[in-house]
Amino acid sequence: MKPATRNFAVLGACIIVLGGVLAGLLMTGGSEEDVISSGVLEQPSEDIALLNREETDISSIEVSNTNGLFTIVPAEKQPETSAAGVSSQESSSGAESVTFTIAELEGLPQDAYAVNTAAEGGWKLFATKKIGTVSNPGEFGLSTPRATVTVRFQDGSVYGYTVGNTSVEDSAAYYLRGTDSEEVYVVKLPETYLDDKRSFLSRQVLDFTALGDGTAAPFRRLVLGGKALTQPITLEQGQEGRYVMTEPGRMETDEAEVSALTDLLSTLTASEVSALHPDTAQLREYGLENPVNTVELYCSDGNTYLLKAGAGREGDRFLMLDGVDIVYRVAEDVIAPWVSILKPFDVQDKALLTGGVENVKSLSVTLEGDMAFRWDVARTKDEEKSTEDTPYYQYAVTDASGAPVDYDRFQTLYRQFAAETVLESADSQPDTEPVLSVKVEAQDGSAAQELTFYPSGARTCVAVLNGSVRGSVPRTDVDALAAAVQGMA
């Protein structure tokens, strides 16, 4: 016999012997661990169909595990996947199919993907390996199973099985045995079969992305409250989607601050579900009996929602949406654009004078001691340089005496006034004489702006714009403005 032929014969004999060892171990009730420890390397085989039905066949899938019990049943419509709002993905049309819900979570937002994936395990169940009949089911975790699953079909038939330990060969698979069978298999199952029913709850608290049009936030009005606020704050959406504070007083808002707030409230996802159907004691524990922060959302589709934030714990905060019996947990820094707003000053526009220098028609300044200054700006359109879409103007400035003033110097002075912002809130206008007053009239005929600075102590002045207290500025800033005015005289 040739050497090559002899080697193949020896190899074939070895395979036959090893196969016999494997068969003997399985037929005598040996465990999968025994097979592995014997040194036999089993070749992978095709998956074994334990269940191969259609989704329309399912009546219910009942799962009982060490965390409790839940039942997957067909639903007339897909349960809401967010506590408030409808995502653009949900609203889009797609192929019709059977959808499922967790019966014990009826009426609560559920993770549609998790539920439908778990349901699929009820009509399609394939084993990756057959262990066979075993003498000691306890070695496979089947004497005290991790889960018991009962699948009921529309035709009245039932298929049940128990789930044991994780397979030693595949950490993503488990040992399984049918309720009416002695055969043990290795099967990959949805991990949710071993979890609490709360794992099917959606962590999407808010999702109003479908209501947005790219130019305006989906909220007509926002009302912020809670025990952390000095007073409630109302923000109303106005022209071009910009928000104006209407309560406790009318004021322009900081566009960046409000944009961060509306972006947060348009879509908000919690890190986990902390409690389901909380009782009074739990509400008190989570700080939600008397919320620290609240926000009412008046949406563009006519619906209204109330979101509440309670106590903090380890850098997180607990949330609830009114009407949804779930306590969510979310990182504090995620909701900072909302919960960091504690007073009207936090969201108001910190700038004082608005509008560019090119729209200034006159600038009048009165300093302490009744020193009055005035500059008038004549604006004429340059027909040669102007285009149909973009006008171009020539400017000429004169002082109160009618003497010409360099326009560049005037621009520098006005921009110094326009750059002034309030740094701190102020409760009221001091009962003192103003140290500086300025009035700006506009070329386009819009309302004049009147800004007055009142001394408040030795280091600050309170800025009052058009009769409304806007906040405090350093006295040194006001002194610098006064010096700049006198430098123009």
# chains A, B, ... in the order shown; residues from 1 in each chain; ligands from 1
$ residues_around --residues "region 226-234 of chain A" --least-positions-apart "2" --cutoff "10 Å" --atoms "only C-alpha atoms" --output "VMD selection string"
chain A and resid 221 to 224 236 243 to 250 290 to 296 308 to 310 339 to 344 347
$ write_last_selection --atoms "C-alpha atoms" --output "PDB file, in the first residue's frame"
ATOM      1  CA  ARG A 221     -45.927  77.475  24.156  1.00  0.00           C
ATOM      2  CA  LEU A 222     -43.762  76.225  27.016  1.00  0.00           C
ATOM      3  CA  VAL A 223     -44.578  76.872  30.683  1.00  0.00           C
ATOM      4  CA  LEU A 224     -41.775  76.148  33.147  1.00  0.00           C
ATOM      5  CA  GLU A 236     -44.536  81.785  23.408  1.00  0.00           C
ATOM      6  CA  TYR A 243     -39.741  82.568  21.331  1.00  0.00           C
ATOM      7  CA  VAL A 244     -40.741  85.521  23.496  1.00  0.00           C
ATOM      8  CA  MET A 245     -41.087  85.413  27.260  1.00  0.00           C
ATOM      9  CA  THR A 246     -44.620  86.541  28.139  1.00  0.00           C
ATOM     10  CA  GLU A 247     -44.678  85.679  31.856  1.00  0.00           C
ATOM     11  CA  PRO A 248     -43.710  86.958  34.381  1.00  0.00           C
ATOM     12  CA  GLY A 249     -43.029  89.841  31.990  1.00  0.00           C
ATOM     13  CA  ARG A 250     -42.693  90.304  28.273  1.00  0.00           C
ATOM     14  CA  ASN A 290     -43.763  67.674  44.646  1.00  0.00           C
ATOM     15  CA  PRO A 291     -41.588  67.981  41.505  1.00  0.00           C
ATOM     16  CA  VAL A 292     -38.445  70.100  41.481  1.00  0.00           C
ATOM     17  CA  ASN A 293     -38.963  71.111  37.837  1.00  0.00           C
ATOM     18  CA  THR A 294     -41.968  70.945  35.547  1.00  0.00           C
ATOM     19  CA  VAL A 295     -42.606  71.962  31.959  1.00  0.00           C
ATOM     20  CA  GLU A 296     -45.944  72.067  30.152  1.00  0.00           C
ATOM     21  CA  LYS A 308     -41.927  66.454  35.761  1.00  0.00           C
ATOM     22  CA  ALA A 309     -38.404  66.130  37.173  1.00  0.00           C
ATOM     23  CA  GLY A 310     -37.835  64.968  40.728  1.00  0.00           C
ATOM     24  CA  VAL A 339     -33.620  71.992  34.772  1.00  0.00           C
ATOM     25  CA  SER A 340     -30.928  74.704  34.874  1.00  0.00           C
ATOM     26  CA  ILE A 341     -33.571  77.370  34.141  1.00  0.00           C
ATOM     27  CA  LEU A 342     -34.487  78.588  37.632  1.00  0.00           C
ATOM     28  CA  LYS A 343     -35.460  82.234  37.053  1.00  0.00           C
ATOM     29  CA  PRO A 344     -36.561  84.435  34.141  1.00  0.00           C
ATOM     30  CA  VAL A 347     -33.648  82.478  29.591  1.00  0.00           C
TER      31      VAL A 347
END
$ residues_around --residues "Ile335 (chain A)" --least-positions-apart "3" --cutoff "10 Å" --atoms "only C-alpha atoms" --output "mmCIF file with C-alpha atoms, in the first residue's frame"
data_model
loop_
_atom_site.group_PDB
_atom_site.id
_atom_site.type_symbol
_atom_site.label_atom_id
_atom_site.label_comp_id
_atom_site.auth_asym_id
_atom_site.auth_seq_id
_atom_site.Cartn_x
_atom_site.Cartn_y
_atom_site.Cartn_z
ATOM 1 C CA ALA A 260 -31.189 74.064 23.480
ATOM 2 C CA LEU A 261 -34.388 73.702 25.517
ATOM 3 C CA LEU A 264 -34.061 68.619 24.304
ATOM 4 C CA LEU A 265 -37.855 68.509 24.594
ATOM 5 C CA LEU A 268 -35.733 62.755 25.003
ATOM 6 C CA ALA A 309 -38.404 66.130 37.173
ATOM 7 C CA ASP A 316 -29.153 61.366 37.413
ATOM 8 C CA ARG A 317 -32.689 62.718 37.800
ATOM 9 C CA VAL A 330 -32.000 60.227 32.942
ATOM 10 C CA ALA A 331 -28.589 61.867 33.323
ATOM 11 C CA GLU A 332 -28.752 65.362 34.811
ATOM 12 C CA TRP A 338 -34.356 72.481 31.055
ATOM 13 C CA VAL A 339 -33.620 71.992 34.772
ATOM 14 C CA SER A 340 -30.928 74.704 34.874
#
$ closest_residue --among "A:Ser300, A:Gln204, A:Thr148, A:Gln411" --to "Thr66 (chain A)" --atoms "only C-alpha atoms"
A:Thr148
$ select_by_dssp --residues "region 92-294 of chain A" --states "strand (DSSP E)" --output "PDB file with N, CA and C atoms, in the first residue's frame"
ATOM      1  N   THR A  99     -48.373  42.818  14.406  1.00  0.00           N
ATOM      2  CA  THR A  99     -47.608  43.451  15.478  1.00  0.00           C
ATOM      3  C   THR A  99     -48.049  42.863  16.807  1.00  0.00           C
ATOM      4  N   PHE A 100     -47.188  42.971  17.796  1.00  0.00           N
ATOM      5  CA  PHE A 100     -47.440  42.334  19.083  1.00  0.00           C
ATOM      6  C   PHE A 100     -47.286  43.342  20.210  1.00  0.00           C
ATOM      7  N   THR A 101     -47.818  42.966  21.367  1.00  0.00           N
ATOM      8  CA  THR A 101     -47.725  43.794  22.555  1.00  0.00           C
ATOM      9  C   THR A 101     -47.563  42.901  23.771  1.00  0.00           C
ATOM     10  N   ILE A 102     -47.092  43.480  24.867  1.00  0.00           N
ATOM     11  CA  ILE A 102     -47.019  42.765  26.145  1.00  0.00           C
ATOM     12  C   ILE A 102     -48.320  43.053  26.881  1.00  0.00           C
ATOM     13  N   LYS A 124     -40.812  30.733  15.425  1.00  0.00           N
ATOM     14  CA  LYS A 124     -39.628  30.174  14.787  1.00  0.00           C
ATOM     15  C   LYS A 124     -38.618  29.817  15.869  1.00  0.00           C
ATOM     16  N   LEU A 125     -38.368  28.536  16.033  1.00  0.00           N
ATOM     17  CA  LEU A 125     -37.447  28.069  17.060  1.00  0.00           C
ATOM     18  C   LEU A 125     -36.568  26.974  16.455  1.00  0.00           C
ATOM     19  N   PHE A 126     -35.285  27.274  16.300  1.00  0.00           N
ATOM     20  CA  PHE A 126     -34.358  26.338  15.679  1.00  0.00           C
ATOM     21  C   PHE A 126     -33.213  26.023  16.639  1.00  0.00           C
ATOM     22  N   ALA A 127     -32.951  24.741  16.786  1.00  0.00           N
ATOM     23  CA  ALA A 127     -31.832  24.305  17.622  1.00  0.00           C
ATOM     24  C   ALA A 127     -30.559  24.240  16.785  1.00  0.00           C
ATOM     25  N   THR A 128     -29.466  24.663  17.357  1.00  0.00           N
ATOM     26  CA  THR A 128     -28.175  24.555  16.679  1.00  0.00           C
ATOM     27  C   THR A 128     -27.522  23.203  16.943  1.00  0.00           C
ATOM     28  N   LYS A 129     -28.073  22.481  17.922  1.00  0.00           N
ATOM     29  CA  LYS A 129     -27.477  21.192  18.268  1.00  0.00           C
ATOM     30  C   LYS A 129     -28.471  20.356  19.089  1.00  0.00           C
ATOM     31  N   LYS A 130     -28.456  19.074  18.864  1.00  0.00           N
ATOM     32  CA  LYS A 130     -29.274  18.157  19.653  1.00  0.00           C
ATOM     33  C   LYS A 130     -28.371  17.407  20.619  1.00  0.00           C
ATOM     34  N   ILE A 131     -28.645  17.535  21.911  1.00  0.00           N
ATOM     35  CA  ILE A 131     -27.899  16.802  22.931  1.00  0.00           C
ATOM     36  C   ILE A 131     -28.479  15.397  23.090  1.00  0.00           C
ATOM     37  N   GLY A 132     -29.811  15.298  23.018  1.00  0.00           N
ATOM     38  CA  GLY A 132     -30.479  14.009  23.171  1.00  0.00           C
ATOM     39  C   GLY A 132     -31.045  13.848  24.575  1.00  0.00           C
ATOM     40  N   THR A 133     -31.403  12.626  24.911  1.00  0.00           N
ATOM     41  CA  THR A 133     -31.925  12.327  26.238  1.00  0.00           C
ATOM     42  C   THR A 133     -30.768  12.275  27.228  1.00  0.00           C
ATOM     43  N   ALA A 147     -36.398  29.726  32.735  1.00  0.00           N
ATOM     44  CA  ALA A 147     -37.646  30.236  32.158  1.00  0.00           C
ATOM     45  C   ALA A 147     -38.480  29.082  31.643  1.00  0.00           C
ATOM     46  N   THR A 148     -39.790  29.283  31.690  1.00  0.00           N
ATOM     47  CA  THR A 148     -40.740  28.339  31.101  1.00  0.00           C
ATOM     48  C   THR A 148     -41.578  29.109  30.087  1.00  0.00           C
ATOM     49  N   VAL A 149     -41.634  28.586  28.866  1.00  0.00           N
ATOM     50  CA  VAL A 149     -42.325  29.278  27.780  1.00  0.00           C
ATOM     51  C   VAL A 149     -43.470  28.402  27.274  1.00  0.00           C
ATOM     52  N   THR A 150     -44.658  29.000  27.140  1.00  0.00           N
ATOM     53  CA  THR A 150     -45.815  28.291  26.611  1.00  0.00           C
ATOM     54  C   THR A 150     -46.359  29.075  25.430  1.00  0.00           C
ATOM     55  N   VAL A 151     -46.320  28.458  24.245  1.00  0.00           N
ATOM     56  CA  VAL A 151     -46.795  29.107  23.023  1.00  0.00           C
ATOM     57  C   VAL A 151     -48.135  28.492  22.650  1.00  0.00           C
ATOM     58  N   ARG A 152     -49.156  29.327  22.554  1.00  0.00           N
ATOM     59  CA  ARG A 152     -50.488  28.868  22.160  1.00  0.00           C
ATOM     60  C   ARG A 152     -50.790  29.391  20.755  1.00  0.00           C
ATOM     61  N   PHE A 153     -51.329  28.510  19.919  1.00  0.00           N
ATOM     62  CA  PHE A 153     -51.596  28.853  18.528  1.00  0.00           C
ATOM     63  C   PHE A 153     -53.094  29.028  18.305  1.00  0.00           C
ATOM     64  N   VAL A 158     -50.633  23.695  21.394  1.00  0.00           N
ATOM     65  CA  VAL A 158     -49.744  24.329  22.364  1.00  0.00           C
ATOM     66  C   VAL A 158     -48.357  23.726  22.243  1.00  0.00           C
ATOM     67  N   TYR A 159     -47.348  24.565  22.346  1.00  0.00           N
ATOM     68  CA  TYR A 159     -45.974  24.078  22.407  1.00  0.00           C
ATOM     69  C   TYR A 159     -45.298  24.756  23.597  1.00  0.00           C
ATOM     70  N   GLY A 160     -44.778  23.923  24.511  1.00  0.00           N
ATOM     71  CA  GLY A 160     -44.125  24.470  25.693  1.00  0.00           C
ATOM     72  C   GLY A 160     -42.720  23.941  25.847  1.00  0.00           C
ATOM     73  N   TYR A 161     -41.867  24.724  26.504  1.00  0.00           N
ATOM     74  CA  TYR A 161     -40.501  24.266  26.745  1.00  0.00           C
ATOM     75  C   TYR A 161     -39.911  25.015  27.940  1.00  0.00           C
ATOM     76  N   THR A 162     -38.857  24.420  28.483  1.00  0.00           N
ATOM     77  CA  THR A 162     -38.143  25.048  29.592  1.00  0.00           C
ATOM     78  C   THR A 162     -36.730  25.407  29.132  1.00  0.00           C
ATOM     79  N   VAL A 163     -36.199  26.475  29.735  1.00  0.00           N
ATOM     80  CA  VAL A 163     -34.883  26.988  29.373  1.00  0.00           C
ATOM     81  C   VAL A 163     -33.952  26.798  30.561  1.00  0.00           C
ATOM     82  N   GLY A 164     -32.799  26.186  30.294  1.00  0.00           N
ATOM     83  CA  GLY A 164     -31.841  25.935  31.360  1.00  0.00           C
ATOM     84  C   GLY A 164     -30.635  26.849  31.307  1.00  0.00           C
ATOM     85  N   ASN A 165     -29.458  26.251  31.545  1.00  0.00           N
ATOM     86  CA  ASN A 165     -28.224  27.031  31.622  1.00  0.00           C
ATOM     87  C   ASN A 165     -27.749  27.485  30.243  1.00  0.00           C
ATOM     88  N   THR A 166     -26.783  28.381  30.279  1.00  0.00           N
ATOM     89  CA  THR A 166     -26.112  28.799  29.060  1.00  0.00           C
ATOM     90  C   THR A 166     -25.247  27.658  28.546  1.00  0.00           C
ATOM     91  N   TYR A 174     -28.747  28.495  24.853  1.00  0.00           N
ATOM     92  CA  TYR A 174     -29.191  27.881  26.103  1.00  0.00           C
ATOM     93  C   TYR A 174     -29.647  26.445  25.842  1.00  0.00           C
ATOM     94  N   TYR A 175     -29.643  25.663  26.923  1.00  0.00           N
ATOM     95  CA  TYR A 175     -30.192  24.315  26.845  1.00  0.00           C
ATOM     96  C   TYR A 175     -31.702  24.394  26.964  1.00  0.00           C
ATOM     97  N   LEU A 176     -32.388  23.617  26.147  1.00  0.00           N
ATOM     98  CA  LEU A 176     -33.844  23.675  26.087  1.00  0.00           C
ATOM     99  C   LEU A 176     -34.408  22.265  26.003  1.00  0.00           C
ATOM    100  N   ARG A 177     -35.541  22.084  26.685  1.00  0.00           N
ATOM    101  CA  ARG A 177     -36.228  20.798  26.604  1.00  0.00           C
ATOM    102  C   ARG A 177     -37.727  21.043  26.508  1.00  0.00           C
ATOM    103  N   GLY A 178     -38.360  20.380  25.567  1.00  0.00           N
ATOM    104  CA  GLY A 178     -39.798  20.512  25.401  1.00  0.00           C
ATOM    105  C   GLY A 178     -40.544  19.980  26.613  1.00  0.00           C
ATOM    106  N   GLU A 183     -35.952  15.131  25.104  1.00  0.00           N
ATOM    107  CA  GLU A 183     -34.807  15.540  24.299  1.00  0.00           C
ATOM    108  C   GLU A 183     -34.329  16.945  24.710  1.00  0.00           C
ATOM    109  N   VAL A 184     -33.009  17.095  24.797  1.00  0.00           N
ATOM    110  CA  VAL A 184     -32.397  18.375  25.139  1.00  0.00           C
ATOM    111  C   VAL A 184     -31.705  18.931  23.900  1.00  0.00           C
ATOM    112  N   TYR A 185     -31.884  20.228  23.684  1.00  0.00           N
ATOM    113  CA  TYR A 185     -31.292  20.899  22.528  1.00  0.00           C
ATOM    114  C   TYR A 185     -30.522  22.151  22.984  1.00  0.00           C
ATOM    115  N   VAL A 186     -29.692  22.650  22.094  1.00  0.00           N
ATOM    116  CA  VAL A 186     -29.033  23.946  22.286  1.00  0.00           C
ATOM    117  C   VAL A 186     -29.715  24.934  21.338  1.00  0.00           C
ATOM    118  N   VAL A 187     -30.264  25.998  21.913  1.00  0.00           N
ATOM    119  CA  VAL A 187     -31.084  26.934  21.133  1.00  0.00           C
ATOM    120  C   VAL A 187     -30.699  28.372  21.480  1.00  0.00           C
ATOM    121  N   GLN A 204     -38.037  55.852  25.364  1.00  0.00           N
ATOM    122  CA  GLN A 204     -38.260  57.103  24.638  1.00  0.00           C
ATOM    123  C   GLN A 204     -39.371  57.880  25.345  1.00  0.00           C
ATOM    124  N   VAL A 205     -38.988  58.929  26.062  1.00  0.00           N
ATOM    125  CA  VAL A 205     -39.953  59.703  26.831  1.00  0.00           C
ATOM    126  C   VAL A 205     -40.704  60.680  25.924  1.00  0.00           C
ATOM    127  N   LEU A 206     -39.970  61.395  25.084  1.00  0.00           N
ATOM    128  CA  LEU A 206     -40.561  62.371  24.175  1.00  0.00           C
ATOM    129  C   LEU A 206     -40.020  62.149  22.774  1.00  0.00           C
ATOM    130  N   ASP A 207     -40.873  62.286  21.787  1.00  0.00           N
ATOM    131  CA  ASP A 207     -40.429  62.232  20.395  1.00  0.00           C
ATOM    132  C   ASP A 207     -41.419  63.009  19.531  1.00  0.00           C
ATOM    133  N   PHE A 219     -43.419  73.294  19.462  1.00  0.00           N
ATOM    134  CA  PHE A 219     -44.171  73.762  20.627  1.00  0.00           C
ATOM    135  C   PHE A 219     -44.638  75.199  20.412  1.00  0.00           C
ATOM    136  N   ARG A 220     -45.933  75.415  20.553  1.00  0.00           N
ATOM    137  CA  ARG A 220     -46.476  76.779  20.465  1.00  0.00           C
ATOM    138  C   ARG A 220     -46.174  77.549  21.741  1.00  0.00           C
ATOM    139  N   ARG A 221     -46.150  76.824  22.864  1.00  0.00           N
ATOM    140  CA  ARG A 221     -45.927  77.475  24.156  1.00  0.00           C
ATOM    141  C   ARG A 221     -45.251  76.489  25.097  1.00  0.00           C
ATOM    142  N   LEU A 222     -44.394  77.010  25.966  1.00  0.00           N
ATOM    143  CA  LEU A 222     -43.762  76.225  27.016  1.00  0.00           C
ATOM    144  C   LEU A 222     -43.946  76.969  28.328  1.00  0.00           C
ATOM    145  N   VAL A 223     -44.404  76.263  29.365  1.00  0.00           N
ATOM    146  CA  VAL A 223     -44.578  76.872  30.683  1.00  0.00           C
ATOM    147  C   VAL A 223     -43.710  76.104  31.667  1.00  0.00           C
ATOM    148  N   LEU A 224     -42.709  76.776  32.221  1.00  0.00           N
ATOM    149  CA  LEU A 224     -41.775  76.148  33.147  1.00  0.00           C
ATOM    150  C   LEU A 224     -42.166  76.487  34.577  1.00  0.00           C
ATOM    151  N   GLY A 225     -42.163  75.470  35.455  1.00  0.00           N
ATOM    152  CA  GLY A 225     -42.518  75.672  36.853  1.00  0.00           C
ATOM    153  C   GLY A 225     -41.787  74.670  37.726  1.00  0.00           C
ATOM    154  N   ILE A 233     -42.449  80.541  34.317  1.00  0.00           N
ATOM    155  CA  ILE A 233     -41.968  81.239  33.125  1.00  0.00           C
ATOM    156  C   ILE A 233     -42.738  80.702  31.930  1.00  0.00           C
ATOM    157  N   THR A 234     -43.299  81.607  31.129  1.00  0.00           N
ATOM    158  CA  THR A 234     -44.027  81.214  29.919  1.00  0.00           C
ATOM    159  C   THR A 234     -43.282  81.715  28.690  1.00  0.00           C
ATOM    160  N   LEU A 235     -43.040  80.810  27.753  1.00  0.00           N
ATOM    161  CA  LEU A 235     -42.391  81.147  26.494  1.00  0.00           C
ATOM    162  C   LEU A 235     -43.381  80.893  25.367  1.00  0.00           C
ATOM    163  N   GLU A 236     -43.602  81.899  24.530  1.00  0.00           N
ATOM    164  CA  GLU A 236     -44.536  81.785  23.408  1.00  0.00           C
ATOM    165  C   GLU A 236     -43.757  81.848  22.098  1.00  0.00           C
ATOM    166  N   GLN A 237     -44.111  80.943  21.181  1.00  0.00           N
ATOM    167  CA  GLN A 237     -43.466  80.964  19.871  1.00  0.00           C
ATOM    168  C   GLN A 237     -44.077  82.075  19.025  1.00  0.00           C
ATOM    169  N   TYR A 243     -38.919  82.551  20.129  1.00  0.00           N
ATOM    170  CA  TYR A 243     -39.741  82.568  21.331  1.00  0.00           C
ATOM    171  C   TYR A 243     -39.591  83.887  22.077  1.00  0.00           C
ATOM    172  N   VAL A 244     -40.708  84.326  22.667  1.00  0.00           N
ATOM    173  CA  VAL A 244     -40.741  85.521  23.496  1.00  0.00           C
ATOM    174  C   VAL A 244     -41.234  85.118  24.882  1.00  0.00           C
ATOM    175  N   MET A 245     -40.596  85.631  25.910  1.00  0.00           N
ATOM    176  CA  MET A 245     -41.087  85.413  27.260  1.00  0.00           C
ATOM    177  C   MET A 245     -42.284  86.326  27.489  1.00  0.00           C
ATOM    178  N   THR A 246     -43.419  85.742  27.883  1.00  0.00           N
ATOM    179  CA  THR A 246     -44.620  86.541  28.139  1.00  0.00           C
ATOM    180  C   THR A 246     -44.972  86.598  29.615  1.00  0.00           C
ATOM    181  N   GLU A 247     -44.492  85.677  30.411  1.00  0.00           N
ATOM    182  CA  GLU A 247     -44.678  85.679  31.856  1.00  0.00           C
ATOM    183  C   GLU A 247     -43.363  85.268  32.521  1.00  0.00           C
ATOM    184  N   MET A 251     -40.495  89.815  27.361  1.00  0.00           N
ATOM    185  CA  MET A 251     -39.085  90.078  27.111  1.00  0.00           C
ATOM    186  C   MET A 251     -38.584  89.150  26.015  1.00  0.00           C
ATOM    187  N   GLU A 252     -37.623  89.671  25.239  1.00  0.00           N
ATOM    188  CA  GLU A 252     -36.969  88.823  24.251  1.00  0.00           C
ATOM    189  C   GLU A 252     -36.166  87.742  24.967  1.00  0.00           C
ATOM    190  N   THR A 267     -36.997  65.556  21.517  1.00  0.00           N
ATOM    191  CA  THR A 267     -36.718  64.116  21.588  1.00  0.00           C
ATOM    192  C   THR A 267     -35.875  63.838  22.816  1.00  0.00           C
ATOM    193  N   LEU A 268     -36.389  63.033  23.726  1.00  0.00           N
ATOM    194  CA  LEU A 268     -35.733  62.755  25.003  1.00  0.00           C
ATOM    195  C   LEU A 268     -35.822  61.266  25.302  1.00  0.00           C
ATOM    196  N   THR A 269     -34.664  60.659  25.547  1.00  0.00           N
ATOM    197  CA  THR A 269     -34.588  59.230  25.851  1.00  0.00           C
ATOM    198  C   THR A 269     -33.994  59.037  27.236  1.00  0.00           C
ATOM    199  N   GLU A 272     -32.925  54.523  31.774  1.00  0.00           N
ATOM    200  CA  GLU A 272     -33.557  53.293  32.259  1.00  0.00           C
ATOM    201  C   GLU A 272     -34.946  53.607  32.810  1.00  0.00           C
ATOM    202  N   VAL A 273     -35.714  52.531  33.006  1.00  0.00           N
ATOM    203  CA  VAL A 273     -37.009  52.623  33.682  1.00  0.00           C
ATOM    204  C   VAL A 273     -36.783  52.222  35.129  1.00  0.00           C
ATOM    205  N   SER A 274     -37.076  53.149  36.052  1.00  0.00           N
ATOM    206  CA  SER A 274     -36.795  52.893  37.469  1.00  0.00           C
ATOM    207  C   SER A 274     -37.967  52.277  38.211  1.00  0.00           C
ATOM    208  N   ALA A 275     -39.181  52.607  37.816  1.00  0.00           N
ATOM    209  CA  ALA A 275     -40.352  52.063  38.516  1.00  0.00           C
ATOM    210  C   ALA A 275     -41.550  52.067  37.587  1.00  0.00           C
ATOM    211  N   LEU A 276     -42.428  51.112  37.839  1.00  0.00           N
ATOM    212  CA  LEU A 276     -43.662  50.973  37.069  1.00  0.00           C
ATOM    213  C   LEU A 276     -44.830  51.038  38.041  1.00  0.00           C
ATOM    214  N   ASN A 293     -38.786  70.377  39.095  1.00  0.00           N
ATOM    215  CA  ASN A 293     -38.963  71.111  37.837  1.00  0.00           C
ATOM    216  C   ASN A 293     -40.154  70.533  37.090  1.00  0.00           C
ATOM    217  N   THR A 294     -40.896  71.390  36.433  1.00  0.00           N
ATOM    218  CA  THR A 294     -41.968  70.945  35.547  1.00  0.00           C
ATOM    219  C   THR A 294     -41.916  71.776  34.264  1.00  0.00           C
TER     220      THR A 294
END
$ atom_distance --atom1 "CA of Ala49 (chain A)" --atom2 "CA of Thr192 (chain A)"
21.0 Å
$ closest_residue --among "A:Glu46, A:Glu169, A:Asp376, A:Glu240" --to "Thr215 (chain A)" --atoms "only C-alpha atoms"
A:Glu240
$ residues_around --residues "Glu441 (chain A)" --least-positions-apart "6" --cutoff "8 Å" --atoms "only C-alpha atoms" --output "PyMOL selection string"
chain A and resi 360-363+447-449
$ write_last_selection --atoms "N, CA and C atoms" --output "PDB file, in the first residue's frame"
ATOM      1  N   VAL A 360     -29.573 103.047  12.370  1.00  0.00           N
ATOM      2  CA  VAL A 360     -29.694 104.121  13.364  1.00  0.00           C
ATOM      3  C   VAL A 360     -29.972 105.448  12.654  1.00  0.00           C
ATOM      4  N   LYS A 361     -31.022 106.127  13.091  1.00  0.00           N
ATOM      5  CA  LYS A 361     -31.379 107.446  12.547  1.00  0.00           C
ATOM      6  C   LYS A 361     -30.870 108.566  13.456  1.00  0.00           C
ATOM      7  N   SER A 362     -30.942 108.305  14.774  1.00  0.00           N
ATOM      8  CA  SER A 362     -30.408 109.283  15.726  1.00  0.00           C
ATOM      9  C   SER A 362     -30.015 108.584  17.012  1.00  0.00           C
ATOM     10  N   LEU A 363     -29.039 109.161  17.693  1.00  0.00           N
ATOM     11  CA  LEU A 363     -28.570 108.644  18.975  1.00  0.00           C
ATOM     12  C   LEU A 363     -28.501 109.825  19.942  1.00  0.00           C
ATOM     13  N   ALA A 447     -40.056 101.105  16.436  1.00  0.00           N
ATOM     14  CA  ALA A 447     -40.139 101.813  17.717  1.00  0.00           C
ATOM     15  C   ALA A 447     -38.755 102.172  18.239  1.00  0.00           C
ATOM     16  N   ALA A 448     -38.667 103.370  18.829  1.00  0.00           N
ATOM     17  CA  ALA A 448     -37.408 103.824  19.414  1.00  0.00           C
ATOM     18  C   ALA A 448     -37.060 102.969  20.637  1.00  0.00           C
ATOM     19  N   GLN A 449     -35.770 102.857  20.934  1.00  0.00           N
ATOM     20  CA  GLN A 449     -35.294 102.140  22.113  1.00  0.00           C
ATOM     21  C   GLN A 449     -34.771 103.162  23.122  1.00  0.00           C
TER      22      GLN A 449
END
$ residues_around --residues "Gly323 (chain A)" --least-positions-apart "3" --cutoff "10 Å" --atoms "only C-alpha atoms" --output "list in words"
Ala83, Ala84, Leu108, Tyr305, Leu306, Leu307, Met320 and Ile326 of chain A
$ write_last_selection --atoms "C-alpha atoms" --output "compact mmCIF listing (two decimals), in the first residue's frame"
# COMPACT_ATOMS: atom_id res chain seq x y z
CA ALA A 83 -44.48 58.31 26.09
CA ALA A 84 -45.37 61.48 24.19
CA LEU A 108 -47.79 51.91 28.24
CA TYR A 305 -48.15 67.32 27.96
CA LEU A 306 -46.68 67.83 31.44
CA LEU A 307 -43.15 66.59 32.16
CA MET A 320 -42.41 61.26 34.87
CA ILE A 326 -43.57 55.07 34.63
$ residues_around --residues "Val73 (chain A)" --least-positions-apart "2" --cutoff "8 Å" --atoms "only C-alpha atoms" --output "compact mmCIF listing (two decimals) with C-alpha atoms, in the first residue's frame"
# COMPACT_ATOMS: atom_id res chain seq x y z
CA ILE A 58 -49.72 32.92 17.27
CA SER A 59 -52.44 33.31 19.90
CA SER A 60 -50.14 34.05 22.86
CA ILE A 61 -46.62 33.46 24.17
CA THR A 71 -47.48 37.47 27.90
CA ALA A 75 -52.13 43.71 18.87
CA PHE A 100 -47.44 42.33 19.08
CA THR A 101 -47.73 43.79 22.55
CA ILE A 102 -47.02 42.76 26.15
CA ALA A 103 -50.44 42.20 27.69
$ closest_residue --among "A:Ala396, A:Val377, A:Leu451, A:Val168" --to "Asn359 (chain A)" --atoms "only C-alpha atoms"
A:Val377
$ closest_residue --among "A:Ser82, A:Val478, A:Glu55, A:Leu142" --to "Thr179 (chain A)" --atoms "only C-alpha atoms"
A:Leu142
$ closest_residue --among "A:Val327, A:Leu69, A:Val462, A:Ala480" --to "Gln282 (chain A)" --atoms "only C-alpha atoms"
A:Val327
